[in-house]
$ cat run_9.cif   # mmCIF, C-alpha atoms
data_final
#
loop_
_atom_site.label_atom_id
_atom_site.label_comp_id
_atom_site.auth_asym_id
_atom_site.auth_seq_id
_atom_site.Cartn_x
_atom_site.Cartn_y
_atom_site.Cartn_z
CA MET Z 222 263.90 168.76 2.78
CA ARG Z 223 260.55 167.01 2.31
CA SER Z 224 260.70 167.56 -1.46
CA PHE Z 225 264.31 166.32 -1.54
CA ASN Z 226 263.35 163.24 0.47
CA HIS Z 227 260.45 162.51 -1.90
CA LEU Z 228 262.84 162.85 -4.87
CA LEU Z 229 265.24 160.26 -3.43
CA TRP Z 230 262.60 157.93 -1.97
CA PRO Z 231 259.31 158.47 -3.80
CA ALA Z 232 256.24 157.59 -1.74
CA VAL Z 233 254.27 154.62 -3.02
CA CYS Z 234 250.89 153.15 -2.15
CA ALA Z 235 251.24 150.51 0.56
CA ASN Z 236 248.73 148.35 -1.26
CA CYS Z 237 249.33 148.61 -5.03
CA VAL Z 238 252.79 150.29 -5.02
CA GLU Z 239 251.68 153.13 -7.32
CA SER Z 240 253.33 156.49 -6.80
CA ILE Z 241 251.50 158.76 -4.35
CA SER Z 242 252.03 162.10 -2.67
CA GLU Z 243 253.05 162.34 0.98
CA THR Z 244 249.60 163.71 1.82
CA ASP Z 245 247.81 160.55 0.66
CA GLU Z 246 248.40 158.81 4.03
CA GLY Z 247 249.84 155.57 2.73
CA LEU Z 248 247.37 154.61 -0.01
CA CYS Z 249 246.63 155.92 -3.48
CA ARG Z 250 243.24 157.45 -4.19
CA ARG Z 251 241.98 154.32 -5.95
CA CYS Z 252 242.86 152.06 -3.02
CA TRP Z 253 241.36 154.51 -0.54
CA SER Z 254 238.20 154.57 -2.66
CA GLU Z 255 238.02 150.76 -2.75
CA LEU Z 256 238.67 150.56 0.97
CA MET Z 257 235.96 153.07 1.83
CA ALA Z 258 233.50 151.27 -0.45
CA SER Z 259 234.09 148.00 1.40
CA VAL Z 260 233.55 149.42 4.89
CA GLY Z 261 230.17 151.05 4.32
CA GLY Z 262 226.74 149.50 4.62
CA ASP Z 263 224.64 147.80 7.25
CA TYR Z 264 225.46 144.34 8.53
CA CYS Z 265 224.10 141.77 10.96
CA ARG Z 266 225.61 142.24 14.41
CA TYR Z 267 225.44 138.49 15.04
CA CYS Z 268 226.96 136.98 11.90
CA GLY Z 269 228.54 140.05 10.23
CA VAL Z 270 227.13 139.67 6.69
CA ASP Z 271 225.60 142.50 4.68
CA VAL Z 272 221.92 142.97 5.43
CA SER Z 273 219.42 145.80 5.35
CA ARG Z 274 218.54 147.22 8.73
CA TYR Z 275 214.92 146.44 7.86
CA ALA Z 276 215.73 142.74 7.53
CA LEU Z 277 217.12 142.36 11.05
CA TYR Z 278 215.46 140.52 13.91
CA GLU Z 279 216.18 140.91 17.61
CA ASP Z 280 218.54 137.94 17.40
CA GLY Z 281 220.15 138.50 14.01
CA CYS Z 282 219.26 138.15 10.35
CA ALA Z 283 217.55 135.43 8.33
CA ARG Z 284 220.90 133.80 7.48
CA CYS Z 285 221.94 133.21 11.08
CA GLN Z 286 218.58 132.06 12.45
CA GLY Z 287 218.81 128.59 13.96
CA LYS Z 288 222.61 128.51 13.87
CA ALA Z 289 224.67 127.89 17.00
CA ILE Z 290 226.59 131.13 17.40
CA TYR Z 291 228.60 131.21 20.62
CA PHE Z 292 229.87 134.79 20.39
CA ASP Z 293 227.33 137.38 21.52
CA ALA Z 294 227.96 140.04 18.87
CA ILE Z 295 230.40 140.87 16.10
CA ALA Z 296 231.94 144.06 14.73
CA ARG Z 297 233.66 144.16 11.35
CA GLY Z 298 235.87 146.60 9.55
CA GLY Z 299 234.45 145.83 6.12
CA VAL Z 300 233.81 143.29 3.40
CA TYR Z 301 236.59 140.96 2.28
CA GLU Z 302 237.08 142.25 -1.25
CA ALA Z 303 239.14 144.61 -3.45
CA ALA Z 304 241.79 146.68 -1.65
CA LEU Z 305 240.90 145.39 1.82
CA ARG Z 306 241.29 141.77 0.74
CA LYS Z 307 244.65 142.48 -0.90
CA MET Z 308 245.95 144.24 2.23
CA ILE Z 309 244.83 141.48 4.59
CA VAL Z 310 246.43 138.76 2.45
CA ALA Z 311 249.70 140.72 2.26
CA PHE Z 312 249.61 141.43 6.00
CA LYS Z 313 248.83 137.84 6.97
CA LEU Z 314 250.79 135.76 4.48
CA ALA Z 315 253.45 137.97 2.90
CA GLY Z 316 255.02 139.51 6.00
CA ARG Z 317 253.68 142.99 5.26
CA THR Z 318 253.34 143.86 8.94
CA GLU Z 319 253.82 147.56 8.16
CA LEU Z 320 250.18 147.52 7.05
CA ASP Z 321 249.22 147.30 10.72
CA SER Z 322 248.70 151.08 10.89
CA ILE Z 323 246.01 151.15 8.21
CA LEU Z 324 244.40 147.89 9.35
CA GLY Z 325 244.62 149.03 12.97
CA PHE Z 326 242.77 152.23 12.04
CA LEU Z 327 240.07 150.08 10.44
CA GLY Z 328 239.86 147.85 13.50
CA ASN Z 329 239.56 150.80 15.87
CA SER Z 330 236.81 152.36 13.76
CA ALA Z 331 234.85 149.09 13.91
CA LEU Z 332 235.46 148.80 17.64
CA GLU Z 333 234.20 152.30 18.39
CA GLY Z 334 230.96 151.64 16.51
CA SER Z 335 230.48 148.12 17.87
CA GLY Z 336 228.05 148.79 20.70
CA PHE Z 337 230.14 146.66 23.08
CA TYR Z 338 233.23 148.87 23.38
CA GLU Z 339 232.61 149.75 27.05
CA ARG Z 340 231.86 146.14 28.02
CA ILE Z 341 235.24 144.66 27.08
CA ASP Z 342 237.68 143.45 29.76
CA PHE Z 343 240.21 141.65 27.52
CA PHE Z 344 241.15 141.48 23.85
CA VAL Z 345 241.99 137.88 22.96
CA PRO Z 346 243.64 137.28 19.57
CA VAL Z 347 242.81 134.02 17.83
CA PRO Z 348 245.96 131.97 18.52
CA LEU Z 349 248.17 130.20 16.01
CA HIS Z 350 249.64 126.80 16.74
CA TRP Z 351 253.23 127.27 17.95
CA THR Z 352 254.65 125.52 14.86
CA ARG Z 353 252.84 127.87 12.50
CA ARG Z 354 253.80 130.84 14.67
CA ILE Z 355 257.47 129.92 14.31
CA THR Z 356 257.16 129.37 10.56
CA ARG Z 357 255.35 132.65 9.93
CA GLY Z 358 257.27 134.63 12.51
CA TYR Z 359 254.27 136.42 13.98
CA ASN Z 360 250.59 136.06 14.81
CA HIS Z 361 248.67 138.55 12.66
CA ALA Z 362 245.69 138.54 15.04
CA HIS Z 363 247.96 139.47 17.95
CA ILE Z 364 249.40 142.40 15.98
CA ILE Z 365 245.90 143.67 15.23
CA ALA Z 366 244.88 143.31 18.89
CA LYS Z 367 247.87 145.39 20.02
CA LYS Z 368 246.83 148.20 17.66
CA LEU Z 369 243.39 148.53 19.29
CA ARG Z 370 242.88 151.56 21.52
CA HIS Z 371 240.98 151.11 24.75
CA ASP Z 372 241.02 152.87 28.11
CA TRP Z 373 241.29 149.72 30.21
CA ALA Z 374 241.01 146.47 28.20
CA LYS Z 375 244.34 144.68 27.74
CA VAL Z 376 245.51 142.01 25.30
CA ASN Z 377 245.39 138.55 26.87
CA THR Z 378 247.04 135.47 25.32
CA ASP Z 379 245.73 132.81 27.70
CA LEU Z 380 243.71 131.24 24.88
CA VAL Z 381 245.95 128.77 23.05
CA ARG Z 382 245.67 126.40 20.09
CA THR Z 383 246.36 122.85 21.26
CA ARG Z 384 246.77 121.19 17.88
CA ARG Z 385 247.84 122.26 14.41
CA THR Z 386 244.77 122.38 12.21
CA LYS Z 387 244.58 122.58 8.43
CA THR Z 388 244.02 126.05 7.02
CA GLN Z 389 240.31 126.80 6.87
CA THR Z 390 240.60 127.83 3.22
CA ALA Z 391 241.31 124.17 2.42
CA MET Z 392 237.90 123.17 3.80
CA ALA Z 393 235.06 123.15 1.27
CA SER Z 394 232.03 123.19 3.58
CA VAL Z 395 230.80 124.73 6.81
CA THR Z 396 230.71 121.26 8.40
CA GLU Z 397 234.33 120.52 7.44
CA ARG Z 398 235.51 123.87 8.81
CA ALA Z 399 233.73 123.28 12.12
CA LYS Z 400 235.17 119.76 12.40
CA ASN Z 401 238.65 121.03 11.55
CA VAL Z 402 238.79 123.37 14.58
CA ALA Z 403 236.66 121.32 16.99
CA GLU Z 404 238.35 121.15 20.41
CA ALA Z 405 241.46 122.79 18.97
CA PHE Z 406 241.62 125.49 21.67
CA ALA Z 407 242.12 125.62 25.42
CA VAL Z 408 242.87 128.17 28.13
CA ARG Z 409 245.96 128.28 30.28
CA LYS Z 410 245.83 127.48 33.98
CA GLY Z 411 245.44 130.61 36.07
CA HIS Z 412 243.56 132.51 33.35
CA LYS Z 413 241.49 135.59 34.23
CA PHE Z 414 238.46 134.92 32.05
CA THR Z 415 235.94 133.91 34.74
CA GLY Z 416 233.09 136.42 34.83
CA ARG Z 417 234.83 138.72 32.31
CA ASN Z 418 233.73 140.04 28.94
CA ILE Z 419 236.08 139.02 26.14
CA CYS Z 420 236.56 140.36 22.63
CA ILE Z 421 238.10 137.83 20.24
CA VAL Z 422 240.23 139.47 17.53
CA ASP Z 423 240.92 138.02 14.07
CA ASP Z 424 241.45 139.14 10.49
CA ILE Z 425 238.63 137.42 8.58
CA LYS Z 426 235.34 135.71 9.34
CA THR Z 427 234.01 133.38 6.66
CA THR Z 428 231.76 130.72 8.17
CA GLY Z 429 232.59 131.73 11.74
CA ALA Z 430 233.78 128.24 12.71
CA THR Z 431 237.05 129.44 14.27
CA LEU Z 432 235.44 132.33 16.15
CA ASN Z 433 232.68 129.99 17.32
CA GLU Z 434 235.11 127.42 18.68
CA CYS Z 435 237.15 130.11 20.44
CA ALA Z 436 234.00 131.63 21.98
CA LYS Z 437 232.77 128.21 23.06
CA THR Z 438 236.10 127.49 24.77
CA LEU Z 439 236.12 130.86 26.53
CA LYS Z 440 232.57 130.44 27.79
CA HIS Z 441 233.35 126.97 29.08
CA ALA Z 442 236.23 128.64 30.96
CA GLY Z 443 233.75 130.98 32.64
CA ALA Z 444 233.64 134.07 30.42
CA ALA Z 445 230.42 136.05 30.86
CA LYS Z 446 230.19 137.48 27.34
CA VAL Z 447 232.30 136.87 24.25
CA PHE Z 448 232.31 139.38 21.40
CA ALA Z 449 234.22 139.25 18.11
CA LEU Z 450 236.09 141.90 16.14
CA VAL Z 451 237.34 141.16 12.62
CA LEU Z 452 238.86 143.29 9.89
CA ALA Z 453 236.61 141.78 7.23
CA VAL Z 454 233.76 139.35 6.66
CA ALA Z 455 233.84 137.05 3.64
CA GLY Z 456 231.16 134.79 2.23
CA GLN Z 457 228.58 137.52 1.55
CA LYS Z 458 226.68 135.37 -0.93
CA ALA Z 459 224.38 132.68 0.40
#

$ encode --input "run_9.cif" --output "structure tokens"
Amino acid sequence: MRSFNHLLWPAVCANCVESISETDEGLCRRCWSELMASVGGDYCRYCGVDVSRYALYEDGCARCQGKAIYFDAIARGGVYEAALRKMIVAFKLAGRTELDSILGFLGNSALEGSGFYERIDFFVPVPLHWTRRITRGYNHAHIIAKKLRHDWAKVNTDLVRTRRTKTQTAMASVTERAKNVAEAFAVRKGHKFTGRNICIVDDIKTTGATLNECAKTLKHAGAAKVFALVLAVAGQKA
């Protein structure tokens, strides 16, 4: 029956649509190879960029020294390139929500190796403005958050976006990105963030402006610690 099913509906790679066998677990060997290549390597636990473990300080790497980083640590699935980049773009902008299984696996792997897994009280997805949420039909960060496995931490949506901002990809500089999202978030009345440890969830970190603004808002609302979990980190080159 399995052979007959494969004859009628041949399995294809979820990323590049090349023909695969049913034992390839959703991706072809080339895409799996690209994905695994992007998730290896050491990175700074404060800003998320590639860095040798010998180039780390107690409070981060040389690139994040002197910068105002409001989240206390970050965990990433990999680097925003090759197969991982293609999957995230398809998942976020092309409605390919079926990729949540593979991306969820990546997110859980990053979470388990984060060092702050046991300190999390709530997963908080970076919110979309309600107009963009209606247009797109879903919040990709919320889908990722729901795929995360944890013994007690629950997904909390009490962080909201209060105004529709321009897409960060349209901003050319770090300063413009920070200005674009400044004071764009708030927490609902009756939230449960006071004294709790929060893990913000998003797909990509580039300059960190969005994560920073979310973390700043959560800490102003009384959160004790704010961590960040992203599928990928972009902007590896200085």

$ atom_distance --input "run_9.cif" --atom1 "atom CA of Z:Met257" --atom2 "atom CA of Z:Asn360"
25.9 Å

$ resolve_selection --input "run_9.cif" --expression "the PyMOL selection byres ((chain Z and resi 298-312) around 9)" --output "VMD selection string"
chain Z and resid 235 to 237 251 to 262 270 to 271 296 to 297 313 to 321 324 327 to 332 361 424 to 426 450 to 457

$ resolve_selection --input "run_9.cif" --expression "the PyMOL selection byres ((chain Z and resi 389) around 12)" --output "CSV table (one decimal) with C-alpha atoms, in the coordinates of the input"
chain,number,residue,atom,x,y,z
Z,385,ARG,CA,247.8,122.3,14.4
Z,386,THR,CA,244.8,122.4,12.2
Z,387,LYS,CA,244.6,122.6,8.4
Z,388,THR,CA,244.0,126.0,7.0
Z,390,THR,CA,240.6,127.8,3.2
Z,391,ALA,CA,241.3,124.2,2.4
Z,392,MET,CA,237.9,123.2,3.8
Z,393,ALA,CA,235.1,123.2,1.3
Z,394,SER,CA,232.0,123.2,3.6
Z,395,VAL,CA,230.8,124.7,6.8
Z,396,THR,CA,230.7,121.3,8.4
Z,397,GLU,CA,234.3,120.5,7.4
Z,398,ARG,CA,235.5,123.9,8.8
Z,399,ALA,CA,233.7,123.3,12.1
Z,400,LYS,CA,235.2,119.8,12.4
Z,401,ASN,CA,238.6,121.0,11.6
Z,402,VAL,CA,238.8,123.4,14.6
Z,425,ILE,CA,238.6,137.4,8.6
Z,426,LYS,CA,235.3,135.7,9.3
Z,427,THR,CA,234.0,133.4,6.7
Z,428,THR,CA,231.8,130.7,8.2
Z,429,GLY,CA,232.6,131.7,11.7
Z,430,ALA,CA,233.8,128.2,12.7
Z,431,THR,CA,237.0,129.4,14.3
Z,432,LEU,CA,235.4,132.3,16.2

$ atom_distance --input "run_9.cif" --atom1 "atom CA of Z:Val233" --atom2 "atom CA of Z:Arg250"
11.4 Å

$ resolve_selection --input "run_9.cif" --expression "the PyMOL selection byres ((chain Z and resi 267) around 7)" --output "PyMOL selection string"
chain Z and resi 265-266+268-269+281+293-295

$ atom_distance --input "run_9.cif" --atom1 "atom CA of Z:Ala366" --atom2 "atom CA of Z:Ile241"
28.7 Å

$ residues_around --input "run_9.cif" --residues "Z:Ile341" --least-positions-apart "4" --cutoff "12 Å" --atoms "all atoms listed in the file" --output "PyMOL selection string"
chain Z and resi 294+332-333+335-337+345+369-377+414+416-422+444-450

$ write_last_selection --input "run_9.cif" --atoms "C-alpha atoms" --output "PDB file, in the frame of the given file"
ATOM      1  CA  ALA Z 294     227.960 140.040  18.870  1.00  0.00           C
ATOM      2  CA  LEU Z 332     235.460 148.800  17.640  1.00  0.00           C
ATOM      3  CA  GLU Z 333     234.200 152.300  18.390  1.00  0.00           C
ATOM      4  CA  SER Z 335     230.480 148.120  17.870  1.00  0.00           C
ATOM      5  CA  GLY Z 336     228.050 148.790  20.700  1.00  0.00           C
ATOM      6  CA  PHE Z 337     230.140 146.660  23.080  1.00  0.00           C
ATOM      7  CA  VAL Z 345     241.990 137.880  22.960  1.00  0.00           C
ATOM      8  CA  LEU Z 369     243.390 148.530  19.290  1.00  0.00           C
ATOM      9  CA  ARG Z 370     242.880 151.560  21.520  1.00  0.00           C
ATOM     10  CA  HIS Z 371     240.980 151.110  24.750  1.00  0.00           C
ATOM     11  CA  ASP Z 372     241.020 152.870  28.110  1.00  0.00           C
ATOM     12  CA  TRP Z 373     241.290 149.720  30.210  1.00  0.00           C
ATOM     13  CA  ALA Z 374     241.010 146.470  28.200  1.00  0.00           C
ATOM     14  CA  LYS Z 375     244.340 144.680  27.740  1.00  0.00           C
ATOM     15  CA  VAL Z 376     245.510 142.010  25.300  1.00  0.00           C
ATOM     16  CA  ASN Z 377     245.390 138.550  26.870  1.00  0.00           C
ATOM     17  CA  PHE Z 414     238.460 134.920  32.050  1.00  0.00           C
ATOM     18  CA  GLY Z 416     233.090 136.420  34.830  1.00  0.00           C
ATOM     19  CA  ARG Z 417     234.830 138.720  32.310  1.00  0.00           C
ATOM     20  CA  ASN Z 418     233.730 140.040  28.940  1.00  0.00           C
ATOM     21  CA  ILE Z 419     236.080 139.020  26.140  1.00  0.00           C
ATOM     22  CA  CYS Z 420     236.560 140.360  22.630  1.00  0.00           C
ATOM     23  CA  ILE Z 421     238.100 137.830  20.240  1.00  0.00           C
ATOM     24  CA  VAL Z 422     240.230 139.470  17.530  1.00  0.00           C
ATOM     25  CA  ALA Z 444     233.640 134.070  30.420  1.00  0.00           C
ATOM     26  CA  ALA Z 445     230.420 136.050  30.860  1.00  0.00           C
ATOM     27  CA  LYS Z 446     230.190 137.480  27.340  1.00  0.00           C
ATOM     28  CA  VAL Z 447     232.300 136.870  24.250  1.00  0.00           C
ATOM     29  CA  PHE Z 448     232.310 139.380  21.400  1.00  0.00           C
ATOM     30  CA  ALA Z 449     234.220 139.250  18.110  1.00  0.00           C
ATOM     31  CA  LEU Z 450     236.090 141.900  16.140  1.00  0.00           C
TER      32      LEU Z 450
END

$ closest_residue --input "run_9.cif" --among "Z:Phe344, Z:Tyr264, Z:Phe326, Z:Tyr278" --to "Z:Ala362" --atoms "only C-alpha atoms"
Z:Phe344

$ closest_residue --input "run_9.cif" --among "Z:Ser273, Z:Thr415, Z:Asn433, Z:Thr378" --to "Z:Pro346" --atoms "all atoms listed in the file"
Z:Thr378

$ decode --input "run_9.cif" --residues "stretch 246-261 of chain Z" --atoms "N, CA and C atoms" --output "mmCIF file, in the first residue's frame"
data_model
loop_
_atom_site.group_PDB
_atom_site.id
_atom_site.type_symbol
_atom_site.label_atom_id
_atom_site.label_comp_id
_atom_site.auth_asym_id
_atom_site.auth_seq_id
_atom_site.Cartn_x
_atom_site.Cartn_y
_atom_site.Cartn_z
ATOM 1 N N GLU Z 246 12.094 12.026 5.433
ATOM 2 C CA GLU Z 246 11.520 12.890 6.473
ATOM 3 C C GLU Z 246 11.292 14.322 5.994
ATOM 4 N N GLY Z 247 10.714 14.442 4.816
ATOM 5 C CA GLY Z 247 10.232 15.745 4.360
ATOM 6 C C GLY Z 247 11.156 16.569 3.503
ATOM 7 N N LEU Z 248 12.471 16.344 3.583
ATOM 8 C CA LEU Z 248 13.425 17.121 2.800
ATOM 9 C C LEU Z 248 14.329 16.194 1.997
ATOM 10 N N CYS Z 249 14.812 16.688 0.877
ATOM 11 C CA CYS Z 249 15.779 15.912 0.105
ATOM 12 C C CYS Z 249 17.142 15.970 0.814
ATOM 13 N N ARG Z 250 18.052 15.137 0.367
ATOM 14 C CA ARG Z 250 19.359 15.078 1.027
ATOM 15 C C ARG Z 250 20.122 16.388 0.919
ATOM 16 N N ARG Z 251 19.990 17.082 -0.221
ATOM 17 C CA ARG Z 251 20.687 18.358 -0.385
ATOM 18 C C ARG Z 251 20.168 19.400 0.586
ATOM 19 N N CYS Z 252 18.847 19.480 0.743
ATOM 20 C CA CYS Z 252 18.270 20.461 1.666
ATOM 21 C C CYS Z 252 18.589 20.115 3.115
ATOM 22 N N TRP Z 253 18.571 18.816 3.438
ATOM 23 C CA TRP Z 253 18.969 18.416 4.789
ATOM 24 C C TRP Z 253 20.421 18.805 5.036
ATOM 25 N N SER Z 254 21.268 18.609 4.039
ATOM 26 C CA SER Z 254 22.685 18.950 4.180
ATOM 27 C C SER Z 254 22.867 20.448 4.392
ATOM 28 N N GLU Z 255 22.154 21.261 3.614
ATOM 29 C CA GLU Z 255 22.231 22.719 3.771
ATOM 30 C C GLU Z 255 21.709 23.152 5.129
ATOM 31 N N LEU Z 256 20.620 22.521 5.560
ATOM 32 C CA LEU Z 256 20.034 22.869 6.846
ATOM 33 C C LEU Z 256 20.985 22.553 7.987
ATOM 34 N N MET Z 257 21.583 21.363 7.955
ATOM 35 C CA MET Z 257 22.501 20.970 9.011
ATOM 36 C C MET Z 257 23.748 21.855 9.030
ATOM 37 N N ALA Z 258 24.180 22.293 7.852
ATOM 38 C CA ALA Z 258 25.348 23.177 7.777
ATOM 39 C C ALA Z 258 25.064 24.531 8.416
ATOM 40 N N SER Z 259 23.815 24.983 8.332
ATOM 41 C CA SER Z 259 23.468 26.307 8.857
ATOM 42 C C SER Z 259 23.217 26.308 10.361
ATOM 43 N N VAL Z 260 23.029 25.137 10.955
ATOM 44 C CA VAL Z 260 22.712 25.108 12.381
ATOM 45 C C VAL Z 260 23.931 24.818 13.254
ATOM 46 N N GLY Z 261 25.053 24.471 12.648
ATOM 47 C CA GLY Z 261 26.240 24.181 13.435
ATOM 48 C C GLY Z 261 26.994 25.443 13.806
#
